[in-house]
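Since the structure comes first, as structure tokens, the remarks are kept for the end.
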Amino acid sequence: RIGFRVLQRLKPFDVGLHYTDYYRLSEDVEKEYGLIYHETVEDMVKVCDVVTINCPLHPETEHLFDAELISKMKKGSYIVNTARGKIVDTDALRDAVESGHIEGYAGDVWFPQPAPPDHPWRSMPRHALTPHYSGTTLDAQKRYAEGVREIIENHFDEKPQRSEYLIAEG
């Protein structure tokens with residue numbers, strides 16, 4: 001239950017914690033963590049400043065975050081998707097971020113994966129996208145960290161980036 005783990009990790013930050021799920025948590029758990037349950041995702045997204053997506057991909061969640069649902073989100077809210085890229089409609093998200101309805105998007109999942117060079121999210125404003133690293137080896141995670149460090153150091157030292165690190169130039 002990744003979504004519950006996210007809620008547990010956010011509790012110390014003293015933020016309002018809302019959730020929706022097919023299986024509601026017990027009253028004791030809701031009270032312990034200060035959780036507010038919503039019957040539907042539509043009801044939940046209307047009141048949240050940040051929505052994290054933590055559900056599996058199946059026919060009911062494919063493109064769940066489409067133009068209609070995104071339009072119901074609070075203006076200026078953020079989406080964090082570490083579940084599956086196909087849960088979010090690519091063009092609907094890009095349009096919502098470009099219009100300013102969604103303030104920003106962060107995630108480590110794309111659809112398709114790997115994303116092609118012309119994927120709309122690569123040039124979308126106000127995004128933070130990383131490779132999906134769930135389940136990778138410790139060696140791979142070390143290489144990712146070293147690459148990120150190199151990119152950051154190059155940026156602050158005003159050195160050019162290696163071409164294999166470039167996703168989009170701008």
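Just remember, in the structure tokens the first chain shown is A, the second B, etc., residues are 1-based per chain, and ligands are 1-based in the order shown.
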Please provide the set of residues having any atom within 7 Å of range 69-72 of chain A, restricted to only C-alpha atoms, with same-chain residues fewer than 3 positions apart removed, written as a ChimeraX atom specification.
/A:42,45-46,65-66
Identify, on the basis of only C-alpha atoms, every residue whose closest approach to Ile151 in chain A does not exceed 12 Å; exclude the query and any residue fewer than 4 positions from it along the same chain; express the result as an MDAnalysis selection string.
chainID A and resid 144:147 155:166
Where in chain A does DSSP assign strand (DSSP E or B), given as a PyMOL selection string?
chain A and resi 17-19+35-37+50-53+65+77-81+88+102-107+127-129
Given the selection you just returned, output its residues as a file containing N, CA and C atoms, formatted as a PDB file, in the first residue's frame.
ATOM      1  N   LEU A  17      -3.967  15.891   5.154  1.00  0.00           N
ATOM      2  CA  LEU A  17      -3.787  14.643   4.413  1.00  0.00           C
ATOM      3  C   LEU A  17      -5.140  14.082   3.995  1.00  0.00           C
ATOM      4  N   HIS A  18      -5.347  14.032   2.694  1.00  0.00           N
ATOM      5  CA  HIS A  18      -6.588  13.532   2.118  1.00  0.00           C
ATOM      6  C   HIS A  18      -6.270  12.272   1.317  1.00  0.00           C
ATOM      7  N   TYR A  19      -7.244  11.380   1.217  1.00  0.00           N
ATOM      8  CA  TYR A  19      -7.027  10.184   0.402  1.00  0.00           C
ATOM      9  C   TYR A  19      -8.351   9.649  -0.103  1.00  0.00           C
ATOM     10  N   LEU A  35      -6.308  11.802   8.789  1.00  0.00           N
ATOM     11  CA  LEU A  35      -6.663  11.626   7.384  1.00  0.00           C
ATOM     12  C   LEU A  35      -8.106  12.008   7.107  1.00  0.00           C
ATOM     13  N   ILE A  36      -8.322  12.592   5.949  1.00  0.00           N
ATOM     14  CA  ILE A  36      -9.669  12.911   5.486  1.00  0.00           C
ATOM     15  C   ILE A  36      -9.946  12.034   4.274  1.00  0.00           C
ATOM     16  N   TYR A  37     -10.982  11.208   4.385  1.00  0.00           N
ATOM     17  CA  TYR A  37     -11.337  10.273   3.318  1.00  0.00           C
ATOM     18  C   TYR A  37     -12.328  10.921   2.359  1.00  0.00           C
ATOM     19  N   VAL A  50      -1.716  19.602  -3.530  1.00  0.00           N
ATOM     20  CA  VAL A  50      -0.811  18.647  -4.160  1.00  0.00           C
ATOM     21  C   VAL A  50      -1.512  17.294  -4.172  1.00  0.00           C
ATOM     22  N   VAL A  51      -1.517  16.657  -5.339  1.00  0.00           N
ATOM     23  CA  VAL A  51      -2.103  15.327  -5.465  1.00  0.00           C
ATOM     24  C   VAL A  51      -0.989  14.370  -5.873  1.00  0.00           C
ATOM     25  N   THR A  52      -0.778  13.341  -5.064  1.00  0.00           N
ATOM     26  CA  THR A  52       0.179  12.308  -5.439  1.00  0.00           C
ATOM     27  C   THR A  52      -0.605  11.110  -5.956  1.00  0.00           C
ATOM     28  N   ILE A  53      -0.136  10.563  -7.061  1.00  0.00           N
ATOM     29  CA  ILE A  53      -0.800   9.411  -7.677  1.00  0.00           C
ATOM     30  C   ILE A  53      -0.031   8.166  -7.264  1.00  0.00           C
ATOM     31  N   PHE A  65      -6.477  10.685 -14.950  1.00  0.00           N
ATOM     32  CA  PHE A  65      -6.245  12.126 -14.914  1.00  0.00           C
ATOM     33  C   PHE A  65      -6.302  12.643 -16.347  1.00  0.00           C
ATOM     34  N   SER A  77      -2.694  23.977  -8.399  1.00  0.00           N
ATOM     35  CA  SER A  77      -2.263  22.784  -7.676  1.00  0.00           C
ATOM     36  C   SER A  77      -1.160  22.050  -8.439  1.00  0.00           C
ATOM     37  N   TYR A  78      -0.597  21.049  -7.797  1.00  0.00           N
ATOM     38  CA  TYR A  78       0.502  20.258  -8.343  1.00  0.00           C
ATOM     39  C   TYR A  78       0.093  18.789  -8.409  1.00  0.00           C
ATOM     40  N   ILE A  79       0.681  18.084  -9.369  1.00  0.00           N
ATOM     41  CA  ILE A  79       0.489  16.638  -9.483  1.00  0.00           C
ATOM     42  C   ILE A  79       1.864  15.981  -9.361  1.00  0.00           C
ATOM     43  N   VAL A  80       1.931  14.935  -8.541  1.00  0.00           N
ATOM     44  CA  VAL A  80       3.132  14.113  -8.419  1.00  0.00           C
ATOM     45  C   VAL A  80       2.730  12.692  -8.796  1.00  0.00           C
ATOM     46  N   ASN A  81       3.356  12.151  -9.827  1.00  0.00           N
ATOM     47  CA  ASN A  81       3.001  10.817 -10.305  1.00  0.00           C
ATOM     48  C   ASN A  81       4.215   9.908 -10.261  1.00  0.00           C
ATOM     49  N   VAL A  88      -2.021   9.340 -16.407  1.00  0.00           N
ATOM     50  CA  VAL A  88      -2.222  10.754 -16.736  1.00  0.00           C
ATOM     51  C   VAL A  88      -2.254  10.909 -18.253  1.00  0.00           C
ATOM     52  N   ILE A 102      -2.734  23.930 -13.764  1.00  0.00           N
ATOM     53  CA  ILE A 102      -1.859  23.108 -12.920  1.00  0.00           C
ATOM     54  C   ILE A 102      -0.528  23.840 -12.837  1.00  0.00           C
ATOM     55  N   GLU A 103      -0.090  24.114 -11.610  1.00  0.00           N
ATOM     56  CA  GLU A 103       1.128  24.898 -11.427  1.00  0.00           C
ATOM     57  C   GLU A 103       2.380  24.105 -11.772  1.00  0.00           C
ATOM     58  N   GLY A 104       2.354  22.798 -11.520  1.00  0.00           N
ATOM     59  CA  GLY A 104       3.536  22.009 -11.826  1.00  0.00           C
ATOM     60  C   GLY A 104       3.257  20.521 -11.744  1.00  0.00           C
ATOM     61  N   TYR A 105       4.192  19.775 -12.315  1.00  0.00           N
ATOM     62  CA  TYR A 105       4.083  18.315 -12.372  1.00  0.00           C
ATOM     63  C   TYR A 105       5.442  17.730 -12.045  1.00  0.00           C
ATOM     64  N   ALA A 106       5.428  16.688 -11.249  1.00  0.00           N
ATOM     65  CA  ALA A 106       6.657  15.959 -10.958  1.00  0.00           C
ATOM     66  C   ALA A 106       6.359  14.474 -11.082  1.00  0.00           C
ATOM     67  N   GLY A 107       7.329  13.742 -11.540  1.00  0.00           N
ATOM     68  CA  GLY A 107       7.126  12.307 -11.651  1.00  0.00           C
ATOM     69  C   GLY A 107       8.357  11.582 -12.138  1.00  0.00           C
ATOM     70  N   HIS A 127       8.046  21.509 -14.702  1.00  0.00           N
ATOM     71  CA  HIS A 127       7.997  20.078 -14.438  1.00  0.00           C
ATOM     72  C   HIS A 127       9.330  19.604 -13.875  1.00  0.00           C
ATOM     73  N   ALA A 128       9.265  18.507 -13.166  1.00  0.00           N
ATOM     74  CA  ALA A 128      10.461  17.841 -12.650  1.00  0.00           C
ATOM     75  C   ALA A 128      10.267  16.361 -12.945  1.00  0.00           C
ATOM     76  N   LEU A 129      10.927  15.889 -13.969  1.00  0.00           N
ATOM     77  CA  LEU A 129      10.781  14.499 -14.380  1.00  0.00           C
ATOM     78  C   LEU A 129      12.125  13.794 -14.290  1.00  0.00           C
TER      79      LEU A 129
END
Report as a count of residues only all protein, DNA and RNA residues lying within 9 Å of Trp121 in chain A, evaluated on only C-alpha atoms, omitting residues in the same chain fewer than 5 positions from it.
7
Find the distance between CA of Val109 in chain A and CA of Arg84 in chain A and write it in Å to one decimal.
5.6 Å
Determine which residues of range 55-165 of chain A DSSP labels as helix (DSSP H, G or I) from the backbone of this structure, then write them out as an mmCIF file with C-alpha atoms, in the first residue's frame.
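Saved the output as out_28.cif:
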data_model
loop_
_atom_site.group_PDB
_atom_site.id
_atom_site.type_symbol
_atom_site.label_atom_id
_atom_site.label_comp_id
_atom_site.auth_asym_id
_atom_site.auth_seq_id
_atom_site.Cartn_x
_atom_site.Cartn_y
_atom_site.Cartn_z
ATOM 1 C CA ALA A 67 -8.812 16.825 -19.160
ATOM 2 C CA GLU A 68 -12.118 16.501 -17.290
ATOM 3 C CA LEU A 69 -10.596 15.392 -13.965
ATOM 4 C CA ILE A 70 -7.684 17.811 -14.218
ATOM 5 C CA SER A 71 -10.149 20.668 -14.801
ATOM 6 C CA LYS A 72 -11.742 19.827 -11.415
ATOM 7 C CA GLY A 85 2.651 7.346 -16.823
ATOM 8 C CA LYS A 86 -0.486 6.130 -18.568
ATOM 9 C CA ILE A 87 -2.642 7.135 -15.582
ATOM 10 C CA THR A 90 -0.245 13.292 -21.809
ATOM 11 C CA ASP A 91 -1.850 16.122 -23.769
ATOM 12 C CA ALA A 92 -4.359 17.042 -21.053
ATOM 13 C CA LEU A 93 -1.564 17.495 -18.532
ATOM 14 C CA ARG A 94 0.575 19.529 -20.916
ATOM 15 C CA ASP A 95 -2.375 21.795 -21.717
ATOM 16 C CA ALA A 96 -3.230 22.266 -18.022
ATOM 17 C CA VAL A 97 0.354 23.136 -17.090
ATOM 18 C CA GLU A 98 0.799 25.476 -20.052
ATOM 19 C CA SER A 99 -2.473 27.272 -19.206
ATOM 20 C CA PRO A 120 5.226 16.788 -24.929
ATOM 21 C CA TRP A 121 6.303 16.660 -21.281
ATOM 22 C CA ARG A 122 9.959 17.217 -22.206
ATOM 23 C CA SER A 123 9.225 20.816 -23.235
ATOM 24 C CA LEU A 138 22.021 -0.292 -5.953
ATOM 25 C CA ASP A 139 24.731 -0.016 -8.628
ATOM 26 C CA ALA A 140 22.271 1.615 -11.019
ATOM 27 C CA GLN A 141 21.082 4.012 -8.306
ATOM 28 C CA LYS A 142 24.700 4.969 -7.624
ATOM 29 C CA ARG A 143 25.229 5.736 -11.338
ATOM 30 C CA TYR A 144 22.050 7.857 -11.375
ATOM 31 C CA ALA A 145 23.229 9.809 -8.341
ATOM 32 C CA GLU A 146 26.668 10.370 -9.854
ATOM 33 C CA GLY A 147 25.093 11.568 -13.110
ATOM 34 C CA VAL A 148 22.778 13.977 -11.288
ATOM 35 C CA ARG A 149 25.708 15.306 -9.287
ATOM 36 C CA GLU A 150 27.703 15.860 -12.475
ATOM 37 C CA ILE A 151 24.793 17.699 -14.113
ATOM 38 C CA ILE A 152 24.309 19.967 -11.085
ATOM 39 C CA GLU A 153 28.032 20.694 -10.756
ATOM 40 C CA ASN A 154 28.289 21.478 -14.477
ATOM 41 C CA HIS A 155 25.302 23.814 -14.204
ATOM 42 C CA PHE A 156 26.748 25.803 -11.299
ATOM 43 C CA SER A 163 25.110 15.365 -24.948
ATOM 44 C CA GLU A 164 23.779 12.042 -23.599
ATOM 45 C CA TYR A 165 22.379 13.940 -20.585
#
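Coordinates place CA of Ile167 in chain A at a distance of 25.8 Å from CA of Asn54 in chain A.
Take CA of Ile2 in chain A and CA of Cys55 in chain A: the distance between them is 8.0 Å.
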Compile the contact shell of Thr20 in chain A as a PyMOL selection string: residues with an atom at most 7 Å away, counting only C-alpha atoms, same-chain residues fewer than 6 positions apart removed.
chain A and resi 37-41
Same residues, all heavy atoms, output as a PDB file, in the first residue's frame:
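Contents of result33.pdb, freshly written:
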ATOM      1  N   TYR A  37     -10.982  11.208   4.385  1.00  0.00           N
ATOM      2  CA  TYR A  37     -11.337  10.273   3.318  1.00  0.00           C
ATOM      3  C   TYR A  37     -12.328  10.921   2.359  1.00  0.00           C
ATOM      4  O   TYR A  37     -13.251  11.630   2.770  1.00  0.00           O
ATOM      5  CB  TYR A  37     -11.962   9.005   3.920  1.00  0.00           C
ATOM      6  CG  TYR A  37     -12.456   8.037   2.876  1.00  0.00           C
ATOM      7  CD1 TYR A  37     -11.562   7.257   2.156  1.00  0.00           C
ATOM      8  CD2 TYR A  37     -13.812   7.912   2.610  1.00  0.00           C
ATOM      9  CE1 TYR A  37     -12.020   6.365   1.183  1.00  0.00           C
ATOM     10  CE2 TYR A  37     -14.273   7.021   1.644  1.00  0.00           C
ATOM     11  CZ  TYR A  37     -13.361   6.258   0.941  1.00  0.00           C
ATOM     12  OH  TYR A  37     -13.812   5.392  -0.021  1.00  0.00           O
ATOM     13  N   HIS A  38     -12.151  10.663   1.064  1.00  0.00           N
ATOM     14  CA  HIS A  38     -13.071  11.119   0.026  1.00  0.00           C
ATOM     15  C   HIS A  38     -13.592   9.898  -0.726  1.00  0.00           C
ATOM     16  O   HIS A  38     -12.819   9.020  -1.110  1.00  0.00           O
ATOM     17  CB  HIS A  38     -12.363  12.067  -0.953  1.00  0.00           C
ATOM     18  CG  HIS A  38     -11.890  13.318  -0.301  1.00  0.00           C
ATOM     19  ND1 HIS A  38     -12.647  14.460  -0.222  1.00  0.00           N
ATOM     20  CD2 HIS A  38     -10.716  13.601   0.335  1.00  0.00           C
ATOM     21  CE1 HIS A  38     -11.968  15.392   0.416  1.00  0.00           C
ATOM     22  NE2 HIS A  38     -10.806  14.894   0.774  1.00  0.00           N
ATOM     23  N   GLU A  39     -14.889   9.866  -0.959  1.00  0.00           N
ATOM     24  CA  GLU A  39     -15.519   8.751  -1.668  1.00  0.00           C
ATOM     25  C   GLU A  39     -14.995   8.607  -3.092  1.00  0.00           C
ATOM     26  O   GLU A  39     -14.899   7.509  -3.618  1.00  0.00           O
ATOM     27  CB  GLU A  39     -17.044   8.934  -1.717  1.00  0.00           C
ATOM     28  CG  GLU A  39     -17.726   8.803  -0.374  1.00  0.00           C
ATOM     29  CD  GLU A  39     -17.883   7.366   0.076  1.00  0.00           C
ATOM     30  OE1 GLU A  39     -17.903   6.447  -0.776  1.00  0.00           O
ATOM     31  OE2 GLU A  39     -17.972   7.161   1.295  1.00  0.00           O
ATOM     32  N   THR A  40     -14.683   9.741  -3.737  1.00  0.00           N
ATOM     33  CA  THR A  40     -14.235   9.707  -5.135  1.00  0.00           C
ATOM     34  C   THR A  40     -12.998  10.568  -5.323  1.00  0.00           C
ATOM     35  O   THR A  40     -12.758  11.519  -4.566  1.00  0.00           O
ATOM     36  CB  THR A  40     -15.323  10.224  -6.096  1.00  0.00           C
ATOM     37  OG1 THR A  40     -15.524  11.621  -5.848  1.00  0.00           O
ATOM     38  CG2 THR A  40     -16.638   9.465  -5.920  1.00  0.00           C
ATOM     39  N   VAL A  41     -12.235  10.240  -6.344  1.00  0.00           N
ATOM     40  CA  VAL A  41     -11.065  11.048  -6.672  1.00  0.00           C
ATOM     41  C   VAL A  41     -11.502  12.444  -7.103  1.00  0.00           C
ATOM     42  O   VAL A  41     -10.812  13.433  -6.827  1.00  0.00           O
ATOM     43  CB  VAL A  41     -10.175  10.342  -7.723  1.00  0.00           C
ATOM     44  CG1 VAL A  41     -10.856  10.275  -9.076  1.00  0.00           C
ATOM     45  CG2 VAL A  41      -8.827  11.021  -7.854  1.00  0.00           C
TER      46      VAL A  41
END
